[in-house]
Amino acid sequence: MSPKTDIEQELRQQRQRVELFSEVTLKIRQSLHLREILSTTVTEVQRILRADRVLIYQVFGDGSGKAISEAVLPNYPHILEQSFPAEVFPLEYQHFYAQGRVRAIADVHAPQAGLSPCLVEFVEQFAIQAKLIVPIVQNLGTAQNPNITPQPHLWGLLIAHQCSQPREWVDFELELMQQLADQISIAISQAQLLEHLEDIVEVRTGELKALNQSLQQEIKERMQAEKALRRSEEQLRLITNALPVLISYIDHQQRYRFNNRAYEDWLGKSPAEMEGCPLKAIWGEECYQRMEAAVEKALSGQVVTYENEITLKDGSPRSVSVTYIPHLDSRKRTKGFFELTSDISDRKAIERMKDEFIAVVSHELRTPLTSLHSALKILSAGQLGELSKNGKQMLAIADDNTERLVRLVNNVLDLQRIEAGGLSMSKQHCNASELMVQATEAMQAMADQQHIALQVQPSDIPLWADPDYILQALTNLLSNAIKFSPPNSTVQLSVGYRQRGDRQPTRQRSRQKLPPHPPEVLFQVRDQGQGIPLDQLESIFERFHQVDSSDSRKKGGTGLGLTICRKIIEQHGGSIWAESQLGQGSTFCFTLPSLKPEGIQS
Amino acid sequence: MKRVLIIDDEETIQTIVQFGIEMAAGWKVITASSGSEGLSTAESASPDVILLDVMMPEMDGIATFKALQDNQNTAHIPVILLTAKAQTAEKRQFHELGVNGVITKPFNSLDLPGQIAKILQWEQQP
C-alpha cells in the first residue's frame, strides 16, 4: 500500500468516524429521556465497535453499582439490572475514573493487564476477554447552582466487553467511547434538569389545580350567593312595587340608590332614571326647602317624620307623610336613610273639612250665644223692669249657663286650633314678667269676686314664645286655682330658672338621670285648695276630666282648660305637670325652653 | 254723645248691641244689615266708630272695611271688627289690615262701650 493510499484510507475512515459519531449523537439527542438515551448509546456503540457487550454501569454514592443499560450478543450472559457491591469497585478506581481517565484492557488474563486473580475470576463469569472502560463524569453544581465551582463526580462507566477473544482497542474506539461518555454526561445533566423541571411542573400543576379548584368553588359559591341575592332582590322589588307608597334609599350624599315603582307612577321617573339623582334635582328647589331640615336630621342619625306637599307628574298636588329612617353602619355612622312616603291627601281633606266644620259651627253658635248672653245681661241689669226674686234666680241660672256655654265653645275652638298645628304659633321675644302681670290683671276681677288674694312674683326672664298663648295658659291655670281655692286664701304665681330634669312629683323622679341641659324657665301657680289625689295628677290633663264630677257643675269649668294648657306648653317644647298633697293645695308647673331655640339664636 | 254704627246681617245682634250700648253708655247706635248698606250709612251719618261683623253674605267685613278705607269720606272713621274667629293668628291678620280693634263674639253688649273706649282710648264715659 502506498502512503498516498494510506492517507486516503485514513481520511475516509476519519470521515466515516465523524459521520458515525454525528449519527450516534443525533440519535442520542433525539430523546430527552435518559433511559432511552442510554439504551440507544449502548446499542449504537455495540454496533459500531462490533463489541460483544456494551453496558452502562451506574456508580452510587456508597461505591456500589448497577448495570442500567446493556447491549449484548445473544450468546453471552446478561449483566443488565445486576447490582454489584462496593468491594467490586474500590475507592482508588473511583478516584482514577473521576479524573476522567480511561482504561483499555486487551486481555484480562495477560499479566500486564494487572488484574488481581479474584477480579479475573469475577470477570470470567461474564465471559469477558477484553474490556474498554470510559468514565461518565459530571461536573456537579453547574446546572442547579452556577455559583459553586464544578466538582468532577463519577456518575458511572461506559464499558465495552469483548467476550469472544482478547482485543486491542484502537484510538478511534477510545475516542468514540470518550466522546459518547461526554454526550451521556450532558444527557444525564439535561435529564436531571428535566426531571427537576418536571418535578417543579408537577408541583406547580398541583398547586394550580388546587387553586383552580378553589376558584371554581368560589365561583360556584358566588353564583349561588348572587342567585340568592337576585331572588331576595326580586322579592324585595315585588313587595316594594306592590305597595302604594314611595319607598327609597338615599345615600349620605342625598342621592337616590333605590326607588320602588310608585315613584314611576307618581313622578313618571323610572328607578333607572332616578338612580344616583340628588333629592333636590328630583323634587325641585321649593319642595326641597321643606325637606332639607328633615333630611339633615335623618343624616345625623335620627328617625324623622314630617308632612309635605308635593306635585305629581300630572300636576296634581298631594299631601304626604314622610318618614326617614337612618341607616347606620357598625360604627354608628349614617350611611344613608330609608324613606317612606304615603299619600295623606284624603286625611288632610277630611281634617280641613273638620276644621271648617268646627269653625262654622262655632261661629254659628257664637252669634245666637252673643244675642242670648247680651239679652240676659240687659234683663238682669233691671232697667227694663224689676223681676221677682224667683224670676231673678231663673235669670241668674240662664246667665251662668250661657256664660259656661260660651266658654265651652271657646275652649273647643281653641283646642281644635292648637291641635291643628304649632304652625300658627308665632314665637317671639317676650318677657315673663309682663305676661305674669297681664295674666293677674285679667284674673283680678274673678279673684276679687271669690275673695282670693293673687300674689305675683314677676321676674324679668326673657322668653322665646307666643305671648298670646302663654298668657292663655297662665290665665287658665290662675282661673283654675281661683276656682278651687277656699275664700280668703292666696293664689301665688312665680317664675324662675331651673335645671332640666329636676322634676318631678311623679314616681319616675328617682329613676331620672338626665344629662345636663341648659336651664329652662319654670312657672308655678300655687293654690291652697283641696288638692288632687296622686293617681289623678296625670289624668287631670285629659279632656273633660275633673277630680270630682260635681265640681264641673259647681265651678262652671269646661273640662278643657288643662288640656289646652298642655297643648300650648308642648307646642313650645316645654312640659306641664301638677304637684299636690291632699288638703294642702296644688301647684301647677310648666316649663319653657330658656331664650331662643337653636337655629334662631344666631 | 258718641255715635256708633253697627253693621251686621243678624238682626238680633243689631238689637242687643243697640240696647246694650244705649243702656250702658247712653250712646246713639245706628244699624246697617249689610256691607253695602253700611257703606252708605257710614258716609251719610259719619259715626264716631263702626262695629263691623266679619262674616256676612255677599260683601263680607273685610271687603266692607276696604271699601270704607277707599272712600275719603269714611276712611277716617275707626273700625272695630266683630268676629267669632278669636284666634291670635287671625287677630294679627286683621290688625295688619289696619282695623283699630277686634272684639270677639260672644260678647256682652253691656260691656261694649267700655271695650270700645279702651280700644280707641276714649275718655271713659261715666
# chains A, B, ... in the order shown; residues from 1 in each chain; ligands from 1
$ residues_around --residues "A:Leu20" --least-positions-apart "3" --cutoff "10 Å" --atoms "only C-alpha atoms" --output "list of chain:residue names"
A:Gln14, A:Arg15, A:Gln16, A:Arg17, A:Glu23, A:Val24, A:Thr25, A:Leu26, A:Glu44, A:Val45, A:Ile48, A:Leu176
$ residues_around --residues "stretch 62-74 of chain B" --least-positions-apart "4" --cutoff "8 Å" --atoms "only C-alpha atoms" --output "ChimeraX atom specification"
/B:35-36,38-39,42-43,46,52,54,79,99
$ atom_distance --atom1 "atom CA of A:Thr367" --atom2 "atom CA of B:Ile103"
12.8 Å
$ residues_around --residues "stretch 311-319 of chain A" --least-positions-apart "3" --cutoff "7 Å" --atoms "only C-alpha atoms" --output "PDB file with N, CA and C atoms, in the first residue's frame"
ATOM      1  N   TRP A 266     -96.029  57.919  40.388  1.00  0.00           N
ATOM      2  CA  TRP A 266     -96.331  59.258  40.915  1.00  0.00           C
ATOM      3  C   TRP A 266     -95.619  60.358  40.138  1.00  0.00           C
ATOM      4  N   LEU A 267     -94.309  60.113  39.895  1.00  0.00           N
ATOM      5  CA  LEU A 267     -93.492  61.196  39.333  1.00  0.00           C
ATOM      6  C   LEU A 267     -93.145  60.984  37.859  1.00  0.00           C
ATOM      7  N   GLY A 268     -93.413  59.772  37.344  1.00  0.00           N
ATOM      8  CA  GLY A 268     -93.097  59.489  35.950  1.00  0.00           C
ATOM      9  C   GLY A 268     -91.617  59.256  35.713  1.00  0.00           C
ATOM     10  N   ASN A 308     -95.523  66.975  54.003  1.00  0.00           N
ATOM     11  CA  ASN A 308     -95.071  67.844  52.921  1.00  0.00           C
ATOM     12  C   ASN A 308     -96.152  67.899  51.844  1.00  0.00           C
ATOM     13  N   ASP A 343     -99.467  58.864  50.867  1.00  0.00           N
ATOM     14  CA  ASP A 343    -100.401  59.908  50.465  1.00  0.00           C
ATOM     15  C   ASP A 343    -101.423  60.106  51.582  1.00  0.00           C
ATOM     16  N   ILE A 344    -101.448  61.298  52.152  1.00  0.00           N
ATOM     17  CA  ILE A 344    -102.432  61.558  53.219  1.00  0.00           C
ATOM     18  C   ILE A 344    -103.391  62.657  52.765  1.00  0.00           C
ATOM     19  N   SER A 345    -103.502  62.807  51.432  1.00  0.00           N
ATOM     20  CA  SER A 345    -104.363  63.868  50.903  1.00  0.00           C
ATOM     21  C   SER A 345    -105.793  63.721  51.401  1.00  0.00           C
ATOM     22  N   LYS A 348    -106.001  64.672  54.964  1.00  0.00           N
ATOM     23  CA  LYS A 348    -105.860  66.125  55.064  1.00  0.00           C
ATOM     24  C   LYS A 348    -107.161  66.820  54.675  1.00  0.00           C
TER      25      LYS A 348
END
$ interface_residues --of "chain A" --to "chain B" --cutoff "12 Å" --atoms "only C-alpha atoms" --output "ChimeraX atom specification"
/A:356,358-384,399,402-418,422-427,466-472
$ write_last_selection --atoms "C-alpha atoms" --output "PDB file, in the first residue's frame"
ATOM      1  CA  GLU A 356    -114.062  74.230  58.585  1.00  0.00           C
ATOM      2  CA  ILE A 358    -115.831  73.372  63.680  1.00  0.00           C
ATOM      3  CA  ALA A 359    -115.152  76.944  62.632  1.00  0.00           C
ATOM      4  CA  VAL A 360    -118.575  77.278  61.040  1.00  0.00           C
ATOM      5  CA  VAL A 361    -120.386  75.567  63.894  1.00  0.00           C
ATOM      6  CA  SER A 362    -118.549  77.645  66.419  1.00  0.00           C
ATOM      7  CA  HIS A 363    -119.417  80.802  64.513  1.00  0.00           C
ATOM      8  CA  GLU A 364    -122.998  79.759  64.119  1.00  0.00           C
ATOM      9  CA  LEU A 365    -123.147  79.019  67.846  1.00  0.00           C
ATOM     10  CA  ARG A 366    -121.492  82.266  68.821  1.00  0.00           C
ATOM     11  CA  THR A 367    -123.890  84.560  67.111  1.00  0.00           C
ATOM     12  CA  PRO A 368    -127.021  83.311  68.908  1.00  0.00           C
ATOM     13  CA  LEU A 369    -124.959  82.997  72.075  1.00  0.00           C
ATOM     14  CA  THR A 370    -123.986  86.625  71.801  1.00  0.00           C
ATOM     15  CA  SER A 371    -127.612  87.631  71.494  1.00  0.00           C
ATOM     16  CA  LEU A 372    -128.670  85.355  74.345  1.00  0.00           C
ATOM     17  CA  HIS A 373    -125.817  86.437  76.563  1.00  0.00           C
ATOM     18  CA  SER A 374    -126.339  90.135  75.995  1.00  0.00           C
ATOM     19  CA  ALA A 375    -130.117  89.899  76.272  1.00  0.00           C
ATOM     20  CA  LEU A 376    -129.846  88.138  79.619  1.00  0.00           C
ATOM     21  CA  LYS A 377    -127.325  90.711  80.860  1.00  0.00           C
ATOM     22  CA  ILE A 378    -129.595  93.535  79.802  1.00  0.00           C
ATOM     23  CA  LEU A 379    -132.532  91.883  81.545  1.00  0.00           C
ATOM     24  CA  SER A 380    -130.603  91.318  84.745  1.00  0.00           C
ATOM     25  CA  ALA A 381    -129.433  94.917  84.726  1.00  0.00           C
ATOM     26  CA  GLY A 382    -133.015  95.635  85.794  1.00  0.00           C
ATOM     27  CA  GLN A 383    -133.533  98.726  83.693  1.00  0.00           C
ATOM     28  CA  LEU A 384    -136.269  97.057  81.689  1.00  0.00           C
ATOM     29  CA  ASP A 399    -126.972  83.757  82.584  1.00  0.00           C
ATOM     30  CA  THR A 402    -124.915  80.897  78.895  1.00  0.00           C
ATOM     31  CA  GLU A 403    -121.500  82.004  80.082  1.00  0.00           C
ATOM     32  CA  ARG A 404    -120.491  78.394  80.542  1.00  0.00           C
ATOM     33  CA  LEU A 405    -121.663  77.544  77.051  1.00  0.00           C
ATOM     34  CA  VAL A 406    -119.657  80.484  75.755  1.00  0.00           C
ATOM     35  CA  ARG A 407    -116.524  79.210  77.485  1.00  0.00           C
ATOM     36  CA  LEU A 408    -117.110  75.693  76.208  1.00  0.00           C
ATOM     37  CA  VAL A 409    -117.450  76.873  72.640  1.00  0.00           C
ATOM     38  CA  ASN A 410    -114.334  79.000  73.054  1.00  0.00           C
ATOM     39  CA  ASN A 411    -112.346  76.124  74.509  1.00  0.00           C
ATOM     40  CA  VAL A 412    -113.428  73.610  71.895  1.00  0.00           C
ATOM     41  CA  LEU A 413    -112.345  76.000  69.204  1.00  0.00           C
ATOM     42  CA  ASP A 414    -109.069  76.820  70.979  1.00  0.00           C
ATOM     43  CA  LEU A 415    -108.192  73.175  71.405  1.00  0.00           C
ATOM     44  CA  GLN A 416    -109.002  72.384  67.815  1.00  0.00           C
ATOM     45  CA  ARG A 417    -106.870  75.282  66.588  1.00  0.00           C
ATOM     46  CA  ILE A 418    -103.919  74.363  68.769  1.00  0.00           C
ATOM     47  CA  GLY A 422     -97.964  74.583  66.041  1.00  0.00           C
ATOM     48  CA  LEU A 423     -97.594  76.373  62.735  1.00  0.00           C
ATOM     49  CA  SER A 424     -99.959  79.088  63.884  1.00  0.00           C
ATOM     50  CA  MET A 425     -97.730  79.712  66.915  1.00  0.00           C
ATOM     51  CA  SER A 426     -95.882  82.905  66.381  1.00  0.00           C
ATOM     52  CA  LYS A 427     -92.920  82.775  68.715  1.00  0.00           C
ATOM     53  CA  ASP A 466     -96.029  83.100  71.544  1.00  0.00           C
ATOM     54  CA  PRO A 467     -97.154  85.624  74.199  1.00  0.00           C
ATOM     55  CA  ASP A 468    -100.874  85.246  73.460  1.00  0.00           C
ATOM     56  CA  TYR A 469    -100.793  81.512  74.006  1.00  0.00           C
ATOM     57  CA  ILE A 470     -98.626  81.685  77.133  1.00  0.00           C
ATOM     58  CA  LEU A 471    -100.995  84.303  78.505  1.00  0.00           C
ATOM     59  CA  GLN A 472    -103.866  81.935  77.788  1.00  0.00           C
TER      60      GLN A 472
END
$ select_by_dssp --residues "stretch 250-428 of chain A" --states "strand (DSSP E or B)" --output "number ranges by chain"
A: 250-251, 255-259, 278, 304-311, 317-328, 334-343, 428
$ write_last_selection --atoms "N, CA and C atoms" --output "tab-separated table (two decimals), in the first residue's frame"
chain	number	residue	atom	x	y	z
A	250	ILE	N	-81.70	56.54	50.23
A	250	ILE	CA	-80.94	57.71	49.82
A	250	ILE	C	-79.60	57.66	50.55
A	251	ASP	N	-78.52	57.87	49.79
A	251	ASP	CA	-77.20	57.77	50.42
A	251	ASP	C	-76.83	59.07	51.14
A	255	ARG	N	-78.34	61.20	47.42
A	255	ARG	CA	-78.65	60.69	46.10
A	255	ARG	C	-79.47	59.42	46.22
A	256	TYR	N	-80.44	59.25	45.31
A	256	TYR	CA	-81.27	58.06	45.34
A	256	TYR	C	-80.46	56.82	44.95
A	257	ARG	N	-80.62	55.76	45.74
A	257	ARG	CA	-79.95	54.50	45.43
A	257	ARG	C	-80.94	53.36	45.23
A	258	PHE	N	-82.18	53.60	45.59
A	258	PHE	CA	-83.22	52.60	45.36
A	258	PHE	C	-84.56	53.33	45.31
A	259	ASN	N	-85.38	52.95	44.35
A	259	ASN	CA	-86.73	53.51	44.30
A	259	ASN	C	-87.69	52.41	43.91
A	278	PRO	N	-79.75	63.43	42.74
A	278	PRO	CA	-79.89	64.09	44.05
A	278	PRO	C	-81.36	64.42	44.34
A	304	VAL	N	-87.10	60.59	61.55
A	304	VAL	CA	-87.88	61.82	61.46
A	304	VAL	C	-89.13	61.59	60.60
A	305	THR	N	-90.23	62.15	61.05
A	305	THR	CA	-91.48	62.08	60.29
A	305	THR	C	-92.01	63.50	60.13
A	306	TYR	N	-92.40	63.83	58.92
A	306	TYR	CA	-92.95	65.17	58.69
A	306	TYR	C	-93.96	65.10	57.55
A	307	GLU	N	-94.65	66.22	57.37
A	307	GLU	CA	-95.63	66.28	56.29
A	307	GLU	C	-95.17	67.27	55.25
A	308	ASN	N	-95.52	66.97	54.00
A	308	ASN	CA	-95.07	67.84	52.92
A	308	ASN	C	-96.15	67.90	51.84
A	309	GLU	N	-96.02	68.88	50.98
A	309	GLU	CA	-96.93	68.98	49.84
A	309	GLU	C	-96.09	68.75	48.59
A	310	ILE	N	-96.54	67.79	47.77
A	310	ILE	CA	-95.76	67.51	46.56
A	310	ILE	C	-96.67	67.62	45.33
A	311	THR	N	-96.04	67.65	44.17
A	311	THR	CA	-96.80	67.73	42.92
A	311	THR	C	-96.52	66.49	42.10
A	317	PRO	N	-101.66	68.27	43.10
A	317	PRO	CA	-100.98	68.36	44.39
A	317	PRO	C	-101.36	67.21	45.31
A	318	ARG	N	-100.43	66.84	46.17
A	318	ARG	CA	-100.70	65.77	47.14
A	318	ARG	C	-100.11	66.15	48.49
A	319	SER	N	-100.85	65.83	49.54
A	319	SER	CA	-100.29	65.95	50.89
A	319	SER	C	-99.69	64.60	51.24
A	320	VAL	N	-98.46	64.62	51.74
A	320	VAL	CA	-97.82	63.35	52.05
A	320	VAL	C	-97.24	63.37	53.46
A	321	SER	N	-97.19	62.18	54.03
A	321	SER	CA	-96.48	62.00	55.30
A	321	SER	C	-95.19	61.26	54.97
A	322	VAL	N	-94.08	61.81	55.39
A	322	VAL	CA	-92.77	61.26	55.02
A	322	VAL	C	-92.04	60.81	56.29
A	323	THR	N	-91.48	59.61	56.23
A	323	THR	CA	-90.66	59.13	57.35
A	323	THR	C	-89.27	58.78	56.83
A	324	TYR	N	-88.26	59.27	57.51
A	324	TYR	CA	-86.87	58.92	57.19
A	324	TYR	C	-86.32	58.06	58.32
A	325	ILE	N	-85.74	56.93	57.95
A	325	ILE	CA	-85.13	56.06	58.96
A	325	ILE	C	-83.65	55.93	58.62
A	326	PRO	N	-82.78	56.44	59.49
A	326	PRO	CA	-81.36	56.42	59.15
A	326	PRO	C	-80.79	55.00	59.07
A	327	HIS	N	-79.83	54.82	58.18
A	327	HIS	CA	-79.14	53.54	58.01
A	327	HIS	C	-77.74	53.70	58.59
A	328	LEU	N	-77.51	53.03	59.72
A	328	LEU	CA	-76.22	53.20	60.41
A	328	LEU	C	-75.33	51.99	60.14
A	334	THR	N	-73.87	57.27	59.90
A	334	THR	CA	-75.02	57.21	58.99
A	334	THR	C	-74.53	57.03	57.56
A	335	LYS	N	-74.97	55.93	56.94
A	335	LYS	CA	-74.58	55.67	55.55
A	335	LYS	C	-75.61	56.26	54.59
A	336	GLY	N	-76.80	56.47	55.10
A	336	GLY	CA	-77.89	56.98	54.28
A	336	GLY	C	-79.15	56.83	55.07
A	337	PHE	N	-80.30	56.87	54.37
A	337	PHE	CA	-81.54	56.64	55.10
A	337	PHE	C	-82.61	56.05	54.18
A	338	PHE	N	-83.55	55.35	54.81
A	338	PHE	CA	-84.68	54.79	54.09
A	338	PHE	C	-85.81	55.80	54.15
A	339	GLU	N	-86.56	55.87	53.06
A	339	GLU	CA	-87.62	56.86	53.02
A	339	GLU	C	-88.94	56.16	52.71
A	340	LEU	N	-89.97	56.57	53.42
A	340	LEU	CA	-91.31	56.03	53.21
A	340	LEU	C	-92.26	57.21	53.13
A	341	THR	N	-92.93	57.32	52.00
A	341	THR	CA	-93.84	58.46	51.82
A	341	THR	C	-95.23	57.94	51.48
A	342	SER	N	-96.22	58.34	52.26
A	342	SER	CA	-97.58	57.90	51.95
A	342	SER	C	-98.48	59.10	51.70
A	343	ASP	N	-99.47	58.86	50.87
A	343	ASP	CA	-100.40	59.91	50.47
A	343	ASP	C	-101.42	60.11	51.58
A	428	GLN	N	-91.87	84.72	69.60
A	428	GLN	CA	-91.09	85.96	69.54
A	428	GLN	C	-90.45	86.21	70.91
$ residues_around --residues "stretch 99-112 of chain A" --least-positions-apart "3" --cutoff "6 Å" --atoms "only C-alpha atoms" --output "short mmCIF file (atom, residue, chain, number, x, y, z; two decimals) with C-alpha atoms, in the first residue's frame"
data_model
loop_
_atom_site.label_atom_id
_atom_site.label_comp_id
_atom_site.auth_asym_id
_atom_site.auth_seq_id
_atom_site.Cartn_x
_atom_site.Cartn_y
_atom_site.Cartn_z
CA PHE A 96 -8.98 7.16 38.95
CA GLN A 129 -11.80 -11.34 27.47
CA ALA A 130 -11.08 -7.69 26.82
CA LYS A 131 -12.63 -4.52 28.05
CA LEU A 132 -12.63 -0.79 27.49
CA ILE A 133 -13.81 1.41 30.36
CA VAL A 134 -14.63 5.10 29.94
CA PRO A 135 -15.91 7.14 32.88
CA PRO A 166 -8.85 -10.65 23.50
CA ARG A 167 -8.92 -7.35 21.64
CA GLU A 168 -6.54 -4.50 21.13
#
$ residues_around --residues "A:Glu87" --least-positions-apart "3" --cutoff "10 Å" --atoms "only C-alpha atoms" --output "PyMOL selection string"
chain A and resi 63-64+84+90-91
$ write_last_selection --atoms "N, CA and C atoms" --output "PDB file, in the first residue's frame"
ATOM      1  N   GLY A  63     -20.471   3.539  46.647  1.00  0.00           N
ATOM      2  CA  GLY A  63     -19.486   2.736  45.923  1.00  0.00           C
ATOM      3  C   GLY A  63     -20.080   1.517  45.235  1.00  0.00           C
ATOM      4  N   SER A  64     -21.304   1.172  45.621  1.00  0.00           N
ATOM      5  CA  SER A  64     -21.944   0.058  44.926  1.00  0.00           C
ATOM      6  C   SER A  64     -22.399   0.531  43.549  1.00  0.00           C
ATOM      7  N   PHE A  84     -23.811  -4.601  41.982  1.00  0.00           N
ATOM      8  CA  PHE A  84     -22.522  -5.090  42.463  1.00  0.00           C
ATOM      9  C   PHE A  84     -22.153  -4.333  43.724  1.00  0.00           C
ATOM     10  N   PRO A  90     -13.286  -0.655  44.024  1.00  0.00           N
ATOM     11  CA  PRO A  90     -12.602   0.026  45.134  1.00  0.00           C
ATOM     12  C   PRO A  90     -12.494   1.532  44.909  1.00  0.00           C
ATOM     13  N   LEU A  91     -12.234   2.191  46.054  1.00  0.00           N
ATOM     14  CA  LEU A  91     -12.209   3.654  46.062  1.00  0.00           C
ATOM     15  C   LEU A  91     -11.175   4.241  45.106  1.00  0.00           C
TER      16      LEU A  91
END
$ atom_distance --atom1 "atom CA of A:Gln138" --atom2 "atom CA of A:Ala51"
25.5 Å
